[in-house]
Structure formats: C-alpha cells, structure tokens
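*Asks:* What follows is the file structure39.tsv, containing TSV, C-alpha atoms:
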chain	number	residue	atom	x	y	z
K	1	MET	CA	-62.92	-37.87	11.59
K	2	THR	CA	-61.10	-36.23	8.67
K	3	ALA	CA	-58.67	-33.38	9.13
K	4	ARG	CA	-59.68	-30.22	7.29
K	5	ARG	CA	-57.12	-28.21	5.40
K	6	PRO	CA	-56.86	-24.59	6.48
K	7	TRP	CA	-58.81	-22.23	4.25
K	8	ARG	CA	-56.61	-20.28	1.84
K	9	GLY	CA	-58.25	-16.98	0.98
K	10	THR	CA	-56.32	-15.91	-2.11
K	11	ALA	CA	-56.25	-19.39	-3.63
K	12	ALA	CA	-59.97	-19.76	-2.93
K	13	ILE	CA	-60.86	-16.45	-4.52
K	14	ALA	CA	-58.67	-17.18	-7.55
K	15	GLY	CA	-60.60	-20.40	-8.10
K	16	LEU	CA	-63.92	-18.63	-7.68
K	17	LEU	CA	-62.93	-15.87	-10.06
K	18	ALA	CA	-61.90	-18.41	-12.65
K	19	ALA	CA	-65.55	-18.95	-12.43
K	20	ALA	CA	-65.82	-15.31	-13.41
K	21	CYS	CA	-63.61	-12.91	-15.22
K	22	ALA	CA	-57.51	-9.01	-19.03
K	23	SER	CA	-56.45	-5.96	-18.82
K	24	GLY	CA	-57.95	-3.17	-20.79
K	25	PRO	CA	-58.85	0.42	-20.30
K	26	ASN	CA	-59.95	1.30	-16.78
K	27	ARG	CA	-63.53	2.21	-17.67
K	28	ALA	CA	-66.99	1.19	-16.65
K	29	VAL	CA	-69.06	-0.64	-19.27
K	30	HIS	CA	-72.78	-0.07	-19.46
K	31	HIS	CA	-75.39	-2.73	-20.08
K	32	ASP	CA	-75.82	-3.70	-23.72
K	33	PRO	CA	-79.58	-4.17	-24.27
K	34	ALA	CA	-78.80	-6.83	-26.89
K	35	ILE	CA	-77.51	-9.07	-24.08
K	36	ASP	CA	-80.45	-10.37	-22.12
K	37	GLY	CA	-81.75	-13.44	-20.43
K	38	ALA	CA	-79.33	-15.51	-18.36
K	39	GLU	CA	-76.30	-13.68	-19.84
K	40	ARG	CA	-77.53	-10.25	-18.79
K	41	PHE	CA	-75.43	-10.39	-15.61
K	42	PHE	CA	-72.52	-12.45	-16.95
K	43	PRO	CA	-71.92	-12.04	-20.70
K	44	LEU	CA	-69.70	-14.83	-21.98
K	45	ALA	CA	-68.61	-13.91	-25.51
K	46	LEU	CA	-65.39	-15.40	-26.82
K	47	GLY	CA	-62.59	-13.00	-25.81
K	48	ASP	CA	-64.45	-11.14	-23.04
K	49	ALA	CA	-61.95	-10.54	-20.22
K	50	TRP	CA	-61.89	-9.28	-16.64
K	51	ALA	CA	-59.05	-8.10	-14.37
K	52	TYR	CA	-59.46	-7.99	-10.59
K	53	GLU	CA	-57.53	-6.55	-7.67
K	54	THR	CA	-57.75	-8.43	-4.41
K	55	GLU	CA	-57.68	-7.01	-0.92
K	56	GLY	CA	-56.51	-9.03	2.01
K	57	PRO	CA	-53.38	-10.61	3.38
K	58	ASP	CA	-52.04	-11.73	-0.03
K	59	ALA	CA	-53.18	-9.02	-2.49
K	60	VAL	CA	-52.85	-9.99	-6.16
K	61	LEU	CA	-54.03	-9.00	-9.64
K	62	PHE	CA	-56.17	-11.72	-11.16
K	63	VAL	CA	-57.09	-12.03	-14.86
K	64	SER	CA	-59.74	-14.22	-16.54
K	65	ARG	CA	-60.88	-14.57	-20.16
K	66	VAL	CA	-63.49	-16.48	-22.16
K	67	ILE	CA	-61.33	-18.87	-24.21
K	68	ALA	CA	-64.03	-20.98	-25.85
K	69	ARG	CA	-67.67	-20.52	-26.75
K	70	LYS	CA	-69.97	-22.91	-28.56
K	71	GLY	CA	-73.74	-22.58	-28.39
K	72	GLY	CA	-74.85	-22.49	-24.77
K	73	SER	CA	-71.43	-23.39	-23.41
K	74	ALA	CA	-68.46	-21.15	-22.53
K	75	VAL	CA	-65.05	-21.82	-20.98
K	76	VAL	CA	-63.38	-19.19	-18.76
K	77	SER	CA	-59.64	-19.46	-18.08
K	78	SER	CA	-57.95	-17.74	-15.20
K	79	GLY	CA	-54.49	-16.96	-16.52
K	80	GLY	CA	-52.70	-20.23	-15.98
K	81	GLY	CA	-55.14	-21.39	-13.32
K	82	GLU	CA	-58.01	-23.75	-13.75
K	83	SER	CA	-60.66	-23.29	-16.41
K	84	VAL	CA	-64.37	-23.38	-15.67
K	85	ARG	CA	-67.07	-24.43	-18.15
K	86	TYR	CA	-70.41	-22.64	-17.94
K	87	THR	CA	-73.75	-23.62	-19.37
K	88	ILE	CA	-76.08	-20.81	-20.39
K	89	ALA	CA	-79.74	-21.79	-20.46
K	90	ARG	CA	-83.07	-19.95	-20.52
K	91	ASP	CA	-83.50	-20.58	-16.79
K	92	GLY	CA	-80.05	-19.48	-15.63
K	93	LEU	CA	-76.33	-19.94	-15.60
K	94	SER	CA	-74.51	-22.96	-14.16
K	95	ARG	CA	-70.97	-24.23	-13.74
K	96	GLU	CA	-69.77	-27.57	-15.06
K	97	GLY	CA	-71.25	-30.30	-12.91
K	98	GLY	CA	-74.57	-28.50	-12.56
K	99	ALA	CA	-73.77	-25.98	-9.79
K	100	THR	CA	-76.14	-23.05	-10.33
K	101	VAL	CA	-74.47	-19.61	-10.45
K	102	TYR	CA	-77.84	-17.84	-10.60
K	103	ARG	CA	-81.34	-18.52	-11.86
K	104	TRP	CA	-83.14	-16.47	-14.47
K	105	PRO	CA	-85.25	-14.51	-14.10
K	106	ALA	CA	-83.58	-13.53	-10.82
K	107	ARG	CA	-85.75	-12.50	-7.87
K	108	ALA	CA	-84.53	-11.17	-4.53
K	109	GLY	CA	-84.87	-13.84	-1.86
K	110	ASP	CA	-84.89	-16.81	-4.27
K	111	GLY	CA	-82.60	-19.60	-3.13
K	112	TRP	CA	-81.28	-22.97	-4.27
K	113	PRO	CA	-79.11	-25.73	-2.85
K	114	ILE	CA	-75.36	-25.83	-3.56
K	115	ALA	CA	-72.77	-28.42	-2.52
K	116	ASP	CA	-72.70	-28.37	1.29
K	117	GLY	CA	-74.90	-25.29	1.55
K	118	GLN	CA	-77.34	-22.80	0.14
K	119	ALA	CA	-77.27	-19.89	-2.34
K	120	VAL	CA	-79.66	-16.96	-2.31
K	121	VAL	CA	-80.25	-13.82	-4.36
K	122	ALA	CA	-79.39	-11.25	-1.68
K	123	SER	CA	-80.44	-8.28	-3.81
K	124	ILE	CA	-81.17	-6.96	-7.27
K	125	GLY	CA	-80.42	-3.36	-8.11
K	126	ALA	CA	-77.36	-2.98	-5.85
K	127	ARG	CA	-74.72	-0.30	-6.44
K	128	GLU	CA	-71.08	-1.42	-6.49
K	129	GLN	CA	-67.98	0.79	-6.55
K	130	THR	CA	-64.78	-0.72	-7.96
K	131	PRO	CA	-61.50	0.54	-9.46
K	132	ALA	CA	-63.23	0.08	-12.86
K	133	GLY	CA	-66.04	2.46	-11.91
K	134	VAL	CA	-69.47	2.49	-10.33
K	135	PHE	CA	-71.98	-0.14	-11.40
K	136	GLU	CA	-75.74	0.20	-10.86
K	137	GLY	CA	-78.42	-2.48	-10.99
K	138	CYS	CA	-76.21	-5.33	-9.77
K	139	LEU	CA	-77.43	-8.82	-8.95
K	140	VAL	CA	-75.89	-10.00	-5.64
K	141	VAL	CA	-75.73	-13.73	-4.90
K	142	GLU	CA	-74.61	-15.10	-1.54
K	143	GLU	CA	-73.42	-18.72	-1.21
K	144	THR	CA	-73.06	-20.11	2.31
K	145	THR	CA	-71.42	-23.38	3.34
K	146	ALA	CA	-69.93	-24.62	6.61
K	147	SER	CA	-66.45	-23.52	5.48
K	148	ARG	CA	-67.11	-20.11	3.87
K	149	ARG	CA	-69.51	-17.45	2.65
K	150	VAL	CA	-69.06	-16.14	-0.91
K	151	THR	CA	-70.84	-12.98	-2.03
K	152	THR	CA	-70.71	-12.13	-5.73
K	153	ALA	CA	-72.05	-8.93	-7.29
K	154	PHE	CA	-72.81	-9.24	-11.02
K	155	ALA	CA	-73.20	-5.99	-13.02
K	156	PRO	CA	-75.49	-5.94	-16.07
K	157	GLY	CA	-73.52	-6.37	-19.28
K	158	VAL	CA	-70.23	-6.88	-17.40
K	159	GLY	CA	-70.34	-9.88	-15.05
K	160	PRO	CA	-68.78	-10.25	-11.61
K	161	VAL	CA	-67.57	-6.88	-10.30
K	162	ARG	CA	-67.01	-7.92	-6.67
K	163	VAL	CA	-66.37	-11.29	-5.07
K	164	GLU	CA	-66.00	-11.48	-1.30
K	165	VAL	CA	-64.97	-14.69	0.45
K	166	VAL	CA	-65.15	-15.04	4.22
K	167	GLY	CA	-63.75	-18.25	5.66
K	168	ALA	CA	-65.14	-20.01	8.73
K	169	ASP	CA	-62.05	-18.74	10.58
K	170	GLY	CA	-62.99	-15.12	9.73
K	171	THR	CA	-60.35	-14.67	7.01
K	172	ARG	CA	-61.75	-12.22	4.45
K	173	VAL	CA	-60.60	-11.69	0.86
K	174	VAL	CA	-62.29	-9.29	-1.55
K	175	ALA	CA	-61.69	-9.01	-5.29
K	176	ARG	CA	-62.96	-5.93	-7.14
K	177	LEU	CA	-63.09	-5.40	-10.88
K	178	ARG	CA	-60.17	-3.34	-12.19
K	179	SER	CA	-61.10	-3.55	-15.88
K	180	PHE	CA	-63.41	-5.32	-18.29
K	181	THR	CA	-62.62	-5.82	-21.95
K	182	ARG	CA	-65.53	-6.68	-24.19
K	183	ALA	CA	-64.71	-8.70	-27.29
K	184	GLU	CA	-66.13	-6.10	-29.67
K	185	ALA	CA	-65.73	-8.27	-32.76
K	186	THR	CA	-68.06	-10.90	-31.32
K	187	ARG	CA	-70.92	-8.56	-30.39
Rewrite the structure of this file - the entire thing - as structure tokens.
*Replies:*
Amino acid sequence: MTARRPWRGTAAIAGLLAAACASGPNRAVHHDPAIDGAERFFPLALGDAWAYETEGPDAVLFVSRVIARKGGSAVVSSGGGESVRYTIARDGLSREGGATVYRWPARAGDGWPIADGQAVVASIGAREQTPAGVFEGCLVVEETTASRRVTTAFAPGVGPVRVEVVGADGTRVVARLRSFTRAEATR
C-alpha cells in the first residue's frame, strides 16, 4: 500500500490554472464571433493572459499567459510555475499527453474518461460572476477522480473564468477571473 500525500489546495489549483489563464483592465470581454470551434471557450492566441484571485485557506493572485503558439498547438505559462501545452483540434481541446479539456461541439451531459476518473459537461449556457464581470453562456466541465473534483467554467471568447477544486478531504479552493487581456495584435 502506498502512502498518499495530503492534497494541497492552492498548489493544485495553481497547476490546474496553468492549464488555463496577466493583469489588465478589470473588464469583462465579450465573445468574438471570429473565434469559433474548439477555441470558442478557450482562445489561445499568443499573448492572451488571465489573472485569477483564489479563495480559500491560502488566497493568492495567479497569472497565466500564452507564451507560444504554432498551428494547432499553444503553450500556457503560469508565472514561474509549470507550462502546459494544449492541442487545438476540430473535435476539441486537449492537454499535452492527450487529456481532453473539452470536446467540440460541446453537449450537456457528454462525458469522457480522464486519468483515474471521468469528466462531464455539467452545463452549457451557465452564468458566472467574477471580479472581472458577469459572463453568460459559459461551458461548465466537471472532472471527478478519487482524490478531487474540479469544476471549470469557460466563458465564450475568454476561457476559464472559475475553477473550483474540492479535495477528497473536503478542502475547497476557488479561483475566479480578475482580468483577461486579449492580445489585440494577434486577432
């Protein structure tokens, strides 16, 4: 039997947000109709950046930025933390190693296997309120494993606006979008 390390909420959410998300004006960004397909809910243009505030026992400000983009591949760095490579395809968005972030087109109730668990589209069209503003039409994906449940709300044209992680021990950490900076020169 292997000993399990205790779940660390803030460290876990930082790693998950690296998989998501710079300070800029505190304003909501509306969906750009030119961005569609798999990137509709997580645009990944070179220079796009997100800043998050976390709630929980160890509140922090977390910043992520797209640092590389070539064809259907993008790399998101989380301010000194780990970088995550994404693959954008016609049928969805995935992380390096093949882990599906969401499938496209997204349909409520659709699910797929993830490492040690299952992911499901919990809803489409959700409303999310964050320090950056109110976002309508969000895609909400819930990933469940034995050690945690991660719920991510993706706003059209913006990306992740809320990430909630609940550990098996009940520890809960929530990150909400504080600002989103679109790389205007690349659009």
*Asks:* Given all atoms listed in the file as the basis, pick out the residue of K:Ala132, K:Val141, K:Ile88, K:Val163 nearest to Val120 (chain K).
*Replies:*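 Ranked by minimum distance to Val120 (chain K), first place goes to K:Val141.
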*Asks:* Restricting the calculation to all atoms listed in the file, which member of K:Ala89, K:Phe135, K:Ser94, K:Arg148 is positioned closest to Asp116 (chain K)?
*Replies:*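 Under the stated criterion, the closest residue is K:Arg148.
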*Asks:* I'd like the interatomic distance between CA of Thr145 (chain K) and CA of Gly92 (chain K), to a tenth of an Å.
*Replies:*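 About the pair CA of Thr145 (chain K) and CA of Gly92 (chain K): they are 21.2 Å apart.
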*Asks:* Counting all atoms listed in the file, find the residues whose atoms lie at most 10 Å from (-68.2, -27.7, -11.3) (file coordinates) and write them out as a list in words.
*Replies:*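 Final list of nearby residues, as requested, is Ala19, Val84, Arg85, Tyr86, Ser94, Arg95, Glu96, Gly97, Gly98, Ala99, Thr100 and Ala115 of chain K.
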*Asks:* Pick from K:Trp104, K:Phe42, K:Trp50, K:Phe62: nearest to Ala74 (chain K), with all atoms listed in the file counted?
*Replies:*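 Once distances to Ala74 (chain K) are computed over all atoms listed in the file, the minimum belongs to K:Phe42.
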*Asks:* Quick check, in Å to one decimal: how far apart do CA of Arg40 (chain K) and CA of Glu55 (chain K) lie?
*Replies:*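 Going from CA of Arg40 (chain K) over to CA of Glu55 (chain K), I get 26.9 Å.
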*Asks:* What is the CA of Ser77 (chain K)-CA of Arg65 (chain K) distance in Å, reported with one decimal?
*Replies:*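 Value for the CA of Ser77 (chain K)-CA of Arg65 (chain K) distance: 5.5 Å.
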*Asks:* In terms of the shortest atom-to-atom distance over all atoms listed in the file, which of K:Gly157, K:Ile114, K:Gly167, K:Ala108 is closest to Val140 (chain K)?
*Replies:*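 The shortest atom-to-atom distance to Val140 (chain K) comes from K:Ala108.
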*Asks:* Skipping near chain neighbours, those fewer than 3 positions away, what residues fall within 9 Å of Gly159 (chain K) using all atoms listed in the file, listed as a list in words?
*Replies:*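 In the requested format, the answer is Ala20, Cys21, Glu39, Arg40, Phe41, Phe42, Pro43, Leu44, Trp50, Ala153, Phe154, Ala155, Pro156 and Phe180 of chain K.
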*Asks:* Within 12 Å of (-67.0, -7.7, -5.7) (coordinates as in the file), grab all the protein and nucleic acid residues, counting all atoms listed in the file, and write them out as a PyMOL selection string.
*Replies:* chain K and resi 13+16-17+20-21+51-55+126-135+138-142+150-155+159-165+173-178
